[in-house]
file data29.pdb (PDB, C-alpha atoms, pLDDT in the B column)
ATOM      1  CA  ASP A  10     -29.576  -0.865  15.162  1.00 69.00           C
ATOM      2  CA  VAL A  11     -28.838   2.771  15.804  1.00 65.00           C
ATOM      3  CA  LYS A  12     -31.102   5.082  13.950  1.00 89.00           C
ATOM      4  CA  VAL A  13     -30.389   8.732  13.290  1.00 95.00           C
ATOM      5  CA  THR A  14     -33.107  10.511  11.399  1.00 95.00           C
ATOM      6  CA  GLN A  15     -33.149  13.978   9.899  1.00 96.00           C
ATOM      7  CA  SER A  16     -36.353  15.879   9.319  1.00 90.00           C
ATOM      8  CA  SER A  17     -35.873  16.535   5.607  1.00 91.00           C
ATOM      9  CA  ARG A  18     -33.826  15.010   2.813  1.00 94.00           C
ATOM     10  CA  TYR A  19     -34.098  18.084   0.593  1.00 95.00           C
ATOM     11  CA  LEU A  20     -34.885  21.669   1.510  1.00 96.00           C
ATOM     12  CA  VAL A  21     -35.025  24.855  -0.555  1.00 97.00           C
ATOM     13  CA  LYS A  22     -35.085  28.181   1.280  1.00 97.00           C
ATOM     14  CA  ARG A  23     -34.742  31.823   0.350  1.00 97.00           C
ATOM     15  CA  THR A  24     -31.965  34.139   1.485  1.00 97.00           C
ATOM     16  CA  GLY A  25     -32.776  35.654   4.854  1.00 97.00           C
ATOM     17  CA  GLU A  26     -35.175  32.933   5.967  1.00 97.00           C
ATOM     18  CA  LYS A  27     -34.779  31.228   9.336  1.00 97.00           C
ATOM     19  CA  VAL A  28     -34.130  27.534   8.811  1.00 97.00           C
ATOM     20  CA  PHE A  29     -34.495  24.670  11.261  1.00 97.00           C
ATOM     21  CA  LEU A  30     -32.854  21.299  10.681  1.00 97.00           C
ATOM     22  CA  GLU A  31     -33.950  18.608  13.088  1.00 97.00           C
ATOM     23  CA  CYS A  32     -32.111  15.448  14.084  1.00 97.00           C
ATOM     24  CA  VAL A  33     -33.337  12.607  16.276  1.00 97.00           C
ATOM     25  CA  GLN A  34     -31.427   9.536  17.503  1.00 96.00           C
ATOM     26  CA  ASP A  35     -32.940   6.532  19.226  1.00 94.00           C
ATOM     27  CA  MET A  36     -29.946   4.979  21.032  1.00 88.00           C
ATOM     28  CA  ASP A  37     -29.676   7.204  24.096  1.00 90.00           C
ATOM     29  CA  HIS A  38     -26.335   8.603  22.885  1.00 90.00           C
ATOM     30  CA  GLU A  39     -24.875  11.444  24.884  1.00 90.00           C
ATOM     31  CA  ASN A  40     -23.016  13.101  21.998  1.00 91.00           C
ATOM     32  CA  MET A  41     -24.641  14.675  18.980  1.00 94.00           C
ATOM     33  CA  PHE A  42     -23.005  16.517  16.108  1.00 95.00           C
ATOM     34  CA  TRP A  43     -23.825  18.695  13.127  1.00 97.00           C
ATOM     35  CA  TYR A  44     -21.515  18.670  10.099  1.00 97.00           C
ATOM     36  CA  ARG A  45     -21.659  20.146   6.670  1.00 96.00           C
ATOM     37  CA  GLN A  46     -20.168  18.393   3.671  1.00 93.00           C
ATOM     38  CA  ASP A  47     -18.901  20.357   0.700  1.00 92.00           C
ATOM     39  CA  PRO A  48     -16.960  19.146  -2.360  1.00 87.00           C
ATOM     40  CA  GLY A  49     -13.230  19.276  -1.787  1.00 86.00           C
ATOM     41  CA  LEU A  50     -13.656  20.179   1.894  1.00 89.00           C
ATOM     42  CA  GLY A  51     -14.897  16.943   3.410  1.00 89.00           C
ATOM     43  CA  LEU A  52     -16.977  17.012   6.579  1.00 93.00           C
ATOM     44  CA  ARG A  53     -16.586  20.061   8.761  1.00 94.00           C
ATOM     45  CA  LEU A  54     -17.946  20.220  12.284  1.00 94.00           C
ATOM     46  CA  ILE A  55     -20.381  23.052  12.972  1.00 96.00           C
ATOM     47  CA  TYR A  56     -21.482  22.330  16.561  1.00 96.00           C
ATOM     48  CA  PHE A  57     -21.640  19.418  18.930  1.00 93.00           C
ATOM     49  CA  SER A  58     -23.296  18.638  22.224  1.00 94.00           C
ATOM     50  CA  TYR A  59     -22.268  16.362  25.112  1.00 89.00           C
ATOM     51  CA  ASP A  60     -25.543  16.555  26.963  1.00 90.00           C
ATOM     52  CA  VAL A  61     -28.897  18.237  27.160  1.00 92.00           C
ATOM     53  CA  LYS A  62     -28.558  22.012  27.020  1.00 89.00           C
ATOM     54  CA  MET A  63     -24.805  21.701  26.457  1.00 90.00           C
ATOM     55  CA  LYS A  64     -23.191  22.853  23.237  1.00 93.00           C
ATOM     56  CA  GLU A  65     -19.707  23.378  21.924  1.00 92.00           C
ATOM     57  CA  LYS A  66     -18.567  25.220  18.823  1.00 94.00           C
ATOM     58  CA  GLY A  67     -16.923  23.205  16.120  1.00 92.00           C
ATOM     59  CA  ASP A  68     -14.722  24.507  13.341  1.00 90.00           C
ATOM     60  CA  ILE A  69     -17.295  26.594  11.453  1.00 94.00           C
ATOM     61  CA  PRO A  70     -20.033  27.827  13.846  1.00 96.00           C
ATOM     62  CA  GLU A  71     -20.503  31.253  12.262  1.00 96.00           C
ATOM     63  CA  GLY A  72     -24.036  31.786  10.995  1.00 96.00           C
ATOM     64  CA  TYR A  73     -25.414  28.796  12.908  1.00 97.00           C
ATOM     65  CA  SER A  74     -26.857  28.063  16.312  1.00 97.00           C
ATOM     66  CA  VAL A  75     -28.059  24.838  17.927  1.00 97.00           C
ATOM     67  CA  SER A  76     -30.552  23.656  20.477  1.00 97.00           C
ATOM     68  CA  ARG A  77     -30.642  20.505  22.561  1.00 96.00           C
ATOM     69  CA  GLU A  78     -33.630  20.472  24.865  1.00 95.00           C
ATOM     70  CA  LYS A  79     -33.983  16.683  24.931  1.00 95.00           C
ATOM     71  CA  LYS A  80     -31.286  14.033  24.836  1.00 95.00           C
ATOM     72  CA  GLU A  81     -32.515  12.453  21.627  1.00 96.00           C
ATOM     73  CA  ARG A  82     -32.980  15.657  19.631  1.00 97.00           C
ATOM     74  CA  PHE A  83     -30.432  18.143  18.297  1.00 97.00           C
ATOM     75  CA  SER A  84     -31.517  21.054  16.144  1.00 97.00           C
ATOM     76  CA  LEU A  85     -29.415  23.206  13.842  1.00 98.00           C
ATOM     77  CA  ILE A  86     -30.684  26.723  13.226  1.00 98.00           C
ATOM     78  CA  LEU A  87     -29.702  29.077  10.460  1.00 97.00           C
ATOM     79  CA  GLU A  88     -30.870  32.433  11.797  1.00 94.00           C
ATOM     80  CA  SER A  89     -30.758  34.155   8.394  1.00 97.00           C
ATOM     81  CA  ALA A  90     -29.925  31.786   5.573  1.00 97.00           C
ATOM     82  CA  SER A  91     -27.365  32.855   3.006  1.00 97.00           C
ATOM     83  CA  THR A  92     -26.376  31.334  -0.328  1.00 97.00           C
ATOM     84  CA  ASN A  93     -23.009  30.213   1.077  1.00 96.00           C
ATOM     85  CA  GLN A  94     -24.898  27.935   3.444  1.00 98.00           C
ATOM     86  CA  THR A  95     -26.082  25.822   0.523  1.00 98.00           C
ATOM     87  CA  SER A  96     -24.652  22.432   1.445  1.00 97.00           C
ATOM     88  CA  MET A  97     -25.255  18.879   2.609  1.00 95.00           C
ATOM     89  CA  TYR A  98     -25.905  18.840   6.359  1.00 97.00           C
ATOM     90  CA  LEU A  99     -25.183  15.676   8.308  1.00 97.00           C
ATOM     91  CA  CYS A 100     -26.199  14.894  11.865  1.00 97.00           C
ATOM     92  CA  ALA A 101     -24.409  12.235  13.921  1.00 95.00           C
ATOM     93  CA  SER A 102     -24.513  10.758  17.398  1.00 93.00           C
ATOM     94  CA  SER A 103     -22.128   8.723  19.537  1.00 89.00           C
ATOM     95  CA  LEU A 104     -21.597   7.359  23.010  1.00 83.00           C
ATOM     96  CA  LEU A 105     -19.608   9.462  25.452  1.00 73.00           C
ATOM     97  CA  GLN A 106     -17.645   6.561  26.910  1.00 64.00           C
ATOM     98  CA  HIS A 107     -14.098   5.814  25.797  1.00 54.00           C
ATOM     99  CA  SER A 108     -14.735   2.298  24.553  1.00 56.00           C
ATOM    100  CA  SER A 109     -16.367   3.309  21.320  1.00 60.00           C
ATOM    101  CA  TYR A 110     -15.932   6.534  19.432  1.00 78.00           C
ATOM    102  CA  GLU A 111     -17.913   5.493  16.398  1.00 86.00           C
ATOM    103  CA  GLN A 112     -20.315   8.153  15.193  1.00 90.00           C
ATOM    104  CA  TYR A 113     -23.613   7.155  13.610  1.00 92.00           C
ATOM    105  CA  PHE A 114     -24.797   9.413  10.848  1.00 95.00           C
ATOM    106  CA  GLY A 115     -28.188  10.344   9.526  1.00 96.00           C
ATOM    107  CA  PRO A 116     -28.914  10.352   5.778  1.00 94.00           C
ATOM    108  CA  GLY A 117     -28.261  14.062   5.418  1.00 95.00           C
ATOM    109  CA  THR A 118     -30.278  17.113   4.393  1.00 96.00           C
ATOM    110  CA  ARG A 119     -29.432  18.777   1.086  1.00 96.00           C
ATOM    111  CA  LEU A 120     -30.135  22.474   1.697  1.00 97.00           C
ATOM    112  CA  THR A 121     -30.298  24.936  -1.165  1.00 97.00           C
ATOM    113  CA  VAL A 122     -30.516  28.645  -0.375  1.00 97.00           C
ATOM    114  CA  THR A 123     -31.619  30.788  -3.305  1.00 96.00           C
TER
ATOM    115  CA  ASP B  15      -6.065  24.589   8.092  1.00 69.00           C
ATOM    116  CA  GLN B  16      -6.777  20.986   7.162  1.00 79.00           C
ATOM    117  CA  GLN B  17      -5.414  18.748   9.919  1.00 90.00           C
ATOM    118  CA  VAL B  18      -6.368  15.539   8.114  1.00 94.00           C
ATOM    119  CA  LYS B  19      -5.606  15.202   4.433  1.00 94.00           C
ATOM    120  CA  GLN B  20      -6.532  12.710   1.774  1.00 96.00           C
ATOM    121  CA  ASN B  21      -4.441  13.749  -1.188  1.00 92.00           C
ATOM    122  CA  SER B  22      -6.037  11.433  -3.733  1.00 94.00           C
ATOM    123  CA  PRO B  23      -9.536  12.612  -4.644  1.00 94.00           C
ATOM    124  CA  SER B  24     -10.178   9.460  -6.632  1.00 96.00           C
ATOM    125  CA  LEU B  25      -8.912   5.930  -7.165  1.00 97.00           C
ATOM    126  CA  SER B  26      -9.857   3.209  -9.676  1.00 97.00           C
ATOM    127  CA  VAL B  27      -9.080  -0.447  -9.078  1.00 98.00           C
ATOM    128  CA  GLN B  28      -9.929  -3.689 -10.858  1.00 98.00           C
ATOM    129  CA  GLU B  29     -12.235  -6.083  -9.071  1.00 97.00           C
ATOM    130  CA  GLY B  30     -10.262  -8.625  -7.054  1.00 97.00           C
ATOM    131  CA  ARG B  31      -7.196  -6.407  -6.689  1.00 98.00           C
ATOM    132  CA  ILE B  32      -6.082  -4.457  -3.644  1.00 98.00           C
ATOM    133  CA  SER B  33      -7.354  -0.925  -2.978  1.00 98.00           C
ATOM    134  CA  ILE B  34      -5.092   1.298  -0.881  1.00 98.00           C
ATOM    135  CA  LEU B  35      -6.495   4.560   0.416  1.00 98.00           C
ATOM    136  CA  ASN B  36      -4.158   6.978   2.153  1.00 98.00           C
ATOM    137  CA  CYS B  37      -4.561   9.602   4.816  1.00 97.00           C
ATOM    138  CA  ASP B  38      -2.055  12.023   6.392  1.00 97.00           C
ATOM    139  CA  TYR B  39      -2.463  14.099   9.517  1.00 96.00           C
ATOM    140  CA  THR B  40      -0.559  16.965  11.051  1.00 95.00           C
ATOM    141  CA  ASN B  41      -1.459  16.879  14.749  1.00 92.00           C
ATOM    142  CA  SER B  42       0.724  14.432  16.695  1.00 92.00           C
ATOM    143  CA  MET B  43      -1.800  14.529  19.554  1.00 91.00           C
ATOM    144  CA  PHE B  44      -4.326  12.540  17.526  1.00 92.00           C
ATOM    145  CA  ASP B  45      -4.700   9.144  19.146  1.00 89.00           C
ATOM    146  CA  TYR B  46      -7.745   7.591  17.551  1.00 91.00           C
ATOM    147  CA  PHE B  47      -8.569   7.167  13.898  1.00 94.00           C
ATOM    148  CA  LEU B  48     -11.647   6.037  12.029  1.00 94.00           C
ATOM    149  CA  TRP B  49     -12.512   5.204   8.431  1.00 96.00           C
ATOM    150  CA  TYR B  50     -15.985   5.817   7.062  1.00 96.00           C
ATOM    151  CA  LYS B  51     -17.599   4.815   3.808  1.00 97.00           C
ATOM    152  CA  LYS B  52     -20.229   6.955   2.109  1.00 94.00           C
ATOM    153  CA  TYR B  53     -22.582   6.086  -0.712  1.00 93.00           C
ATOM    154  CA  PRO B  54     -24.378   8.877  -2.617  1.00 88.00           C
ATOM    155  CA  ALA B  55     -27.481  10.217  -0.873  1.00 83.00           C
ATOM    156  CA  GLU B  56     -26.615   8.370   2.357  1.00 89.00           C
ATOM    157  CA  GLY B  57     -24.810   9.323   5.532  1.00 92.00           C
ATOM    158  CA  PRO B  58     -21.312   7.947   6.188  1.00 94.00           C
ATOM    159  CA  THR B  59     -21.131   4.531   7.822  1.00 94.00           C
ATOM    160  CA  PHE B  60     -18.355   3.388  10.106  1.00 92.00           C
ATOM    161  CA  LEU B  61     -15.904   0.931   8.604  1.00 95.00           C
ATOM    162  CA  ILE B  62     -12.917   0.365  10.881  1.00 94.00           C
ATOM    163  CA  SER B  63     -10.928   2.123  13.590  1.00 92.00           C
ATOM    164  CA  ILE B  64      -7.473   2.093  15.132  1.00 93.00           C
ATOM    165  CA  SER B  65      -6.003   3.611  18.260  1.00 90.00           C
ATOM    166  CA  SER B  66      -2.498   4.979  18.456  1.00 90.00           C
ATOM    167  CA  ILE B  67      -1.321   2.103  20.642  1.00 91.00           C
ATOM    168  CA  LYS B  68      -1.645  -0.201  17.635  1.00 93.00           C
ATOM    169  CA  ASP B  69      -0.118  -0.126  14.182  1.00 95.00           C
ATOM    170  CA  LYS B  70      -2.588  -2.438  12.494  1.00 97.00           C
ATOM    171  CA  ASN B  71      -6.210  -3.424  12.796  1.00 95.00           C
ATOM    172  CA  GLU B  72      -7.968  -5.951  10.617  1.00 96.00           C
ATOM    173  CA  ASP B  73     -11.632  -6.679   9.988  1.00 95.00           C
ATOM    174  CA  GLY B  74     -12.377  -9.114   7.205  1.00 97.00           C
ATOM    175  CA  ARG B  75     -11.310  -7.618   3.885  1.00 97.00           C
ATOM    176  CA  PHE B  76     -10.416  -4.299   5.520  1.00 97.00           C
ATOM    177  CA  THR B  77      -7.117  -3.513   7.237  1.00 98.00           C
ATOM    178  CA  VAL B  78      -5.989  -0.170   8.582  1.00 97.00           C
ATOM    179  CA  PHE B  79      -2.303   0.567   9.097  1.00 98.00           C
ATOM    180  CA  LEU B  80      -0.996   3.390  11.258  1.00 97.00           C
ATOM    181  CA  ASN B  81       2.496   4.857  10.981  1.00 96.00           C
ATOM    182  CA  LYS B  82       2.740   7.334  13.838  1.00 95.00           C
ATOM    183  CA  SER B  83       6.226   8.575  13.004  1.00 95.00           C
ATOM    184  CA  ALA B  84       5.080   9.482   9.493  1.00 96.00           C
ATOM    185  CA  LYS B  85       1.652  10.660  10.696  1.00 96.00           C
ATOM    186  CA  HIS B  86       0.129   8.454   8.047  1.00 97.00           C
ATOM    187  CA  LEU B  87      -2.588   5.865   7.919  1.00 96.00           C
ATOM    188  CA  SER B  88      -3.860   3.707   5.136  1.00 98.00           C
ATOM    189  CA  LEU B  89      -6.864   1.522   4.466  1.00 98.00           C
ATOM    190  CA  HIS B  90      -6.349  -1.676   2.487  1.00 98.00           C
ATOM    191  CA  ILE B  91      -9.278  -3.478   0.905  1.00 98.00           C
ATOM    192  CA  VAL B  92      -8.519  -6.992  -0.337  1.00 97.00           C
ATOM    193  CA  PRO B  93     -10.034  -8.228  -2.551  1.00 97.00           C
ATOM    194  CA  SER B  94     -11.854  -5.190  -3.869  1.00 98.00           C
ATOM    195  CA  GLN B  95     -15.464  -5.679  -4.924  1.00 97.00           C
ATOM    196  CA  PRO B  96     -17.763  -3.478  -7.042  1.00 96.00           C
ATOM    197  CA  GLY B  97     -19.898  -2.839  -3.934  1.00 96.00           C
ATOM    198  CA  ASP B  98     -16.891  -1.142  -2.353  1.00 97.00           C
ATOM    199  CA  SER B  99     -17.284   1.740  -4.805  1.00 97.00           C
ATOM    200  CA  ALA B 100     -17.971   4.726  -2.549  1.00 97.00           C
ATOM    201  CA  VAL B 101     -16.312   7.763  -1.022  1.00 96.00           C
ATOM    202  CA  TYR B 102     -14.015   6.934   1.889  1.00 97.00           C
ATOM    203  CA  PHE B 103     -13.259   9.417   4.654  1.00 96.00           C
ATOM    204  CA  CYS B 104     -10.611   9.121   7.312  1.00 96.00           C
ATOM    205  CA  ALA B 105     -11.094  10.934  10.612  1.00 95.00           C
ATOM    206  CA  ALA B 106      -8.836  11.639  13.584  1.00 93.00           C
ATOM    207  CA  SER B 107      -9.368  12.704  17.177  1.00 90.00           C
ATOM    208  CA  PHE B 108      -7.486  13.395  20.401  1.00 83.00           C
ATOM    209  CA  THR B 109     -10.524  13.681  22.619  1.00 74.00           C
ATOM    210  CA  GLY B 110     -12.647  10.846  21.311  1.00 70.00           C
ATOM    211  CA  ASN B 111     -15.494  13.237  20.777  1.00 71.00           C
ATOM    212  CA  GLN B 112     -14.504  15.803  18.197  1.00 82.00           C
ATOM    213  CA  PHE B 113     -13.183  14.224  15.019  1.00 89.00           C
ATOM    214  CA  TYR B 114     -11.421  15.942  12.150  1.00 92.00           C
ATOM    215  CA  PHE B 115     -12.323  14.522   8.768  1.00 94.00           C
ATOM    216  CA  GLY B 116     -10.337  14.333   5.567  1.00 95.00           C
ATOM    217  CA  THR B 117     -11.700  15.486   2.225  1.00 94.00           C
ATOM    218  CA  GLY B 118     -12.495  11.969   1.040  1.00 95.00           C
ATOM    219  CA  THR B 119     -11.318   9.608  -1.698  1.00 96.00           C
ATOM    220  CA  SER B 120     -13.778   8.328  -4.266  1.00 96.00           C
ATOM    221  CA  LEU B 121     -13.064   4.650  -4.948  1.00 98.00           C
ATOM    222  CA  THR B 122     -14.315   2.983  -8.118  1.00 98.00           C
ATOM    223  CA  VAL B 123     -13.958  -0.771  -8.389  1.00 98.00           C
ATOM    224  CA  ILE B 124     -14.175  -1.853 -12.009  1.00 97.00           C
ATOM    225  CA  PRO B 125     -15.812  -5.244 -12.622  1.00 95.00           C
TER
END

call {"tool": "encode", "arguments": {"input": "data29.pdb", "output": "structure tokens"}}
result
Amino acid sequence: DVKVTQSSRYLVKRTGEKVFLECVQDMDHENMFWYRQDPGLGLRLIYFSYDVKMKEKGDIPEGYSVSREKKERFSLILESASTNQTSMYLCASSLLQHSSYEQYFGPGTRLTVT
Amino acid sequence: DQQVKQNSPSLSVQEGRISILNCDYTNSMFDYFLWYKKYPAEGPTFLISISSIKDKNEDGRFTVFLNKSAKHLSLHIVPSQPGDSAVYFCAASFTGNQFYFGTGTSLTVIP
């Protein structure tokens, strides 16, 4: 069974703080993704990574950065948190090969920025 | 601009009847589609997929239909069960890596 874990289920931070969200997968997947989920907007891709030290911007990268130093770990960084970054953050991983595009999701981190 | 749309935010169905969830997309380059199911406080879980070379894919009670000319796909659940109550997202891709998700449809199956 693929397991994607996220470091926190709930997080409360103050405006201007630097925030780290960690994601770890245990299935040796090449691809990893960070999404945010907001009511009425569905899941929107922030960043993704095909390999260690590789990253690609998604649809809404502004205000975020990522780090992938090891294959199993993908971190999302909010350099200076703002209230409009209050959201549910979901990490996912998948295989690179064409045969299966299924993404496996973690349980999510509910971030509140006050 | 939303490339994948689920125009029904919610749907209620009696247990045992058919649930039909719809999804429209705008990009004709999309060639792979997925449906995910999401319970509250959990991450989405994969349900069923279809590639553009097919027009139907079936897995147990779940069937996905793809109409490429209409840029429309639908998920049929027969028979619907109370445990199917969840939010359903469709997603589309033309690279196999980056997927575009719809806004979700909340399905309630009434016992």

call {"tool": "residues_near_point", "arguments": {"input": "data29.pdb", "point": "(-35.6, 19.9, 21.2)", "cutoff": "10 Å", "atoms": "only C-alpha atoms", "output": "ChimeraX atom specification"}}
result
/A:31-33,61-62,75-84

call {"tool": "write_last_selection", "arguments": {"input": "data29.pdb", "atoms": "C-alpha atoms", "output": "mmCIF file, keeping the file's coordinate frame"}}
result
data_model
loop_
_atom_site.group_PDB
_atom_site.id
_atom_site.type_symbol
_atom_site.label_atom_id
_atom_site.label_comp_id
_atom_site.auth_asym_id
_atom_site.auth_seq_id
_atom_site.Cartn_x
_atom_site.Cartn_y
_atom_site.Cartn_z
ATOM 1 C CA GLU A 31 -33.950 18.608 13.088
ATOM 2 C CA CYS A 32 -32.111 15.448 14.084
ATOM 3 C CA VAL A 33 -33.337 12.607 16.276
ATOM 4 C CA VAL A 61 -28.897 18.237 27.160
ATOM 5 C CA LYS A 62 -28.558 22.012 27.020
ATOM 6 C CA VAL A 75 -28.059 24.838 17.927
ATOM 7 C CA SER A 76 -30.552 23.656 20.477
ATOM 8 C CA ARG A 77 -30.642 20.505 22.561
ATOM 9 C CA GLU A 78 -33.630 20.472 24.865
ATOM 10 C CA LYS A 79 -33.983 16.683 24.931
ATOM 11 C CA LYS A 80 -31.286 14.033 24.836
ATOM 12 C CA GLU A 81 -32.515 12.453 21.627
ATOM 13 C CA ARG A 82 -32.980 15.657 19.631
ATOM 14 C CA PHE A 83 -30.432 18.143 18.297
ATOM 15 C CA SER A 84 -31.517 21.054 16.144
#

call {"tool": "resolve_selection", "arguments": {"input": "data29.pdb", "expression": "the PyMOL selection byres ((chain B and resi 80) around 10)", "output": "list in words"}}
result
Cys37, Asp38, Phe47, Ile64, Ser65, Ser66, Ile67, Lys68, Asp69, Lys70, Asn71, Val78, Phe79, Asn81, Lys82, Ser83, Ala84, Lys85, His86, Leu87, Ser88 and Leu89 of chain B

call {"tool": "atom_distance", "arguments": {"input": "data29.pdb", "atom1": "CA of Leu52 (chain A)", "atom2": "CA of Ala105 (chain B)"}}
result
9.4 Å

call {"tool": "closest_residue", "arguments": {"input": "data29.pdb", "among": "B:Thr117, B:Ser26, B:Asn41, B:Thr109", "to": "chain A", "atoms": "only C-alpha atoms"}}
result
B:Thr117

call {"tool": "closest_atom_pairs", "arguments": {"input": "data29.pdb", "of": "chain B", "to": "chain A", "cutoff": "12 Å", "atoms": "all atoms listed in the file", "output": "tab-separated table"}}
result
residue	atom	partner	partner_atom	distance
B:Asp15	CA	A:Asp68	CA	10.1
B:Gln16	CA	A:Leu50	CA	8.7
B:Gln17	CA	A:Arg53	CA	11.3
B:Val18	CA	A:Gly51	CA	9.8
B:Lys19	CA	A:Gly51	CA	9.5
B:Gln20	CA	A:Gly51	CA	9.5
B:Asn21	CA	A:Gly49	CA	10.4
B:Ser22	CA	A:Gly49	CA	10.8
B:Pro23	CA	A:Gly49	CA	8.1
B:Ser24	CA	A:Gly49	CA	11.4
B:Asp45	CA	A:Tyr110	CA	11.5
B:Tyr46	CA	A:Tyr110	CA	8.5
B:Phe47	CA	A:Tyr110	CA	9.2
B:Leu48	CA	A:Glu111	CA	7.7
B:Trp49	CA	A:Glu111	CA	9.6
B:Tyr50	CA	A:Gln112	CA	9.5
B:Lys51	CA	A:Phe114	CA	11.1
B:Lys52	CA	A:Pro116	CA	10.0
B:Tyr53	CA	A:Pro116	CA	10.0
B:Pro54	CA	A:Pro116	CA	9.7
B:Ala55	CA	A:Pro116	CA	6.8
B:Glu56	CA	A:Pro116	CA	4.6
B:Gly57	CA	A:Pro116	CA	4.2
B:Pro58	CA	A:Phe114	CA	6.0
B:Thr59	CA	A:Phe114	CA	6.8
B:Phe60	CA	A:Glu111	CA	6.6
B:Leu61	CA	A:Glu111	CA	9.3
B:Ile62	CA	A:Glu111	CA	9.0
B:Ser63	CA	A:Glu111	CA	8.2
B:Ile64	CA	A:Tyr110	CA	10.5
B:Ser65	CA	A:Tyr110	CA	10.4
B:Val101	CA	A:Gly51	CA	10.3
B:Tyr102	CA	A:Gly51	CA	10.2
B:Phe103	CA	A:Gly51	CA	7.8
B:Cys104	CA	A:Gly51	CA	9.7
B:Ala105	CA	A:Leu52	CA	9.4
B:Ala106	CA	A:Tyr110	CA	10.5
B:Ser107	CA	A:Tyr110	CA	9.3
B:Phe108	CA	A:Tyr110	CA	10.9
B:Thr109	CA	A:His107	CA	9.2
B:Gly110	CA	A:Tyr110	CA	5.7
B:Asn111	CA	A:Tyr110	CA	6.9
B:Gln112	CA	A:Phe57	CA	8.0
B:Phe113	CA	A:Leu54	CA	8.1
B:Tyr114	CA	A:Arg53	CA	7.4
B:Phe115	CA	A:Leu52	CA	5.7
B:Gly116	CA	A:Gly51	CA	5.7
B:Thr117	CA	A:Gly51	CA	3.7
B:Gly118	CA	A:Gly51	CA	6.0
B:Thr119	CA	A:Gly51	CA	9.6
B:Ser120	CA	A:Gly49	CA	11.2

call {"tool": "closest_residue", "arguments": {"input": "data29.pdb", "among": "B:Ile91, B:Pro125, B:Asp98, B:Asp73", "to": "Gln28 (chain B)", "atoms": "only C-alpha atoms"}}
result
B:Pro125

call {"tool": "resolve_selection", "arguments": {"input": "data29.pdb", "expression": "the PyMOL selection byres ((chain A and resi 91-95) around 7)", "output": "PyMOL selection string"}}
result
chain A and resi 24-25+89-90+96+120-123

call {"tool": "closest_residue", "arguments": {"input": "data29.pdb", "among": "A:Lys27, A:Leu85, A:Lys22, A:His38", "to": "Lys64 (chain A)", "atoms": "all atoms listed in the file"}}
result
A:Leu85

call {"tool": "atom_distance", "arguments": {"input": "data29.pdb", "atom1": "CA of Ser17 (chain A)", "atom2": "CA of Ile86 (chain A)"}}
result
13.7 Å
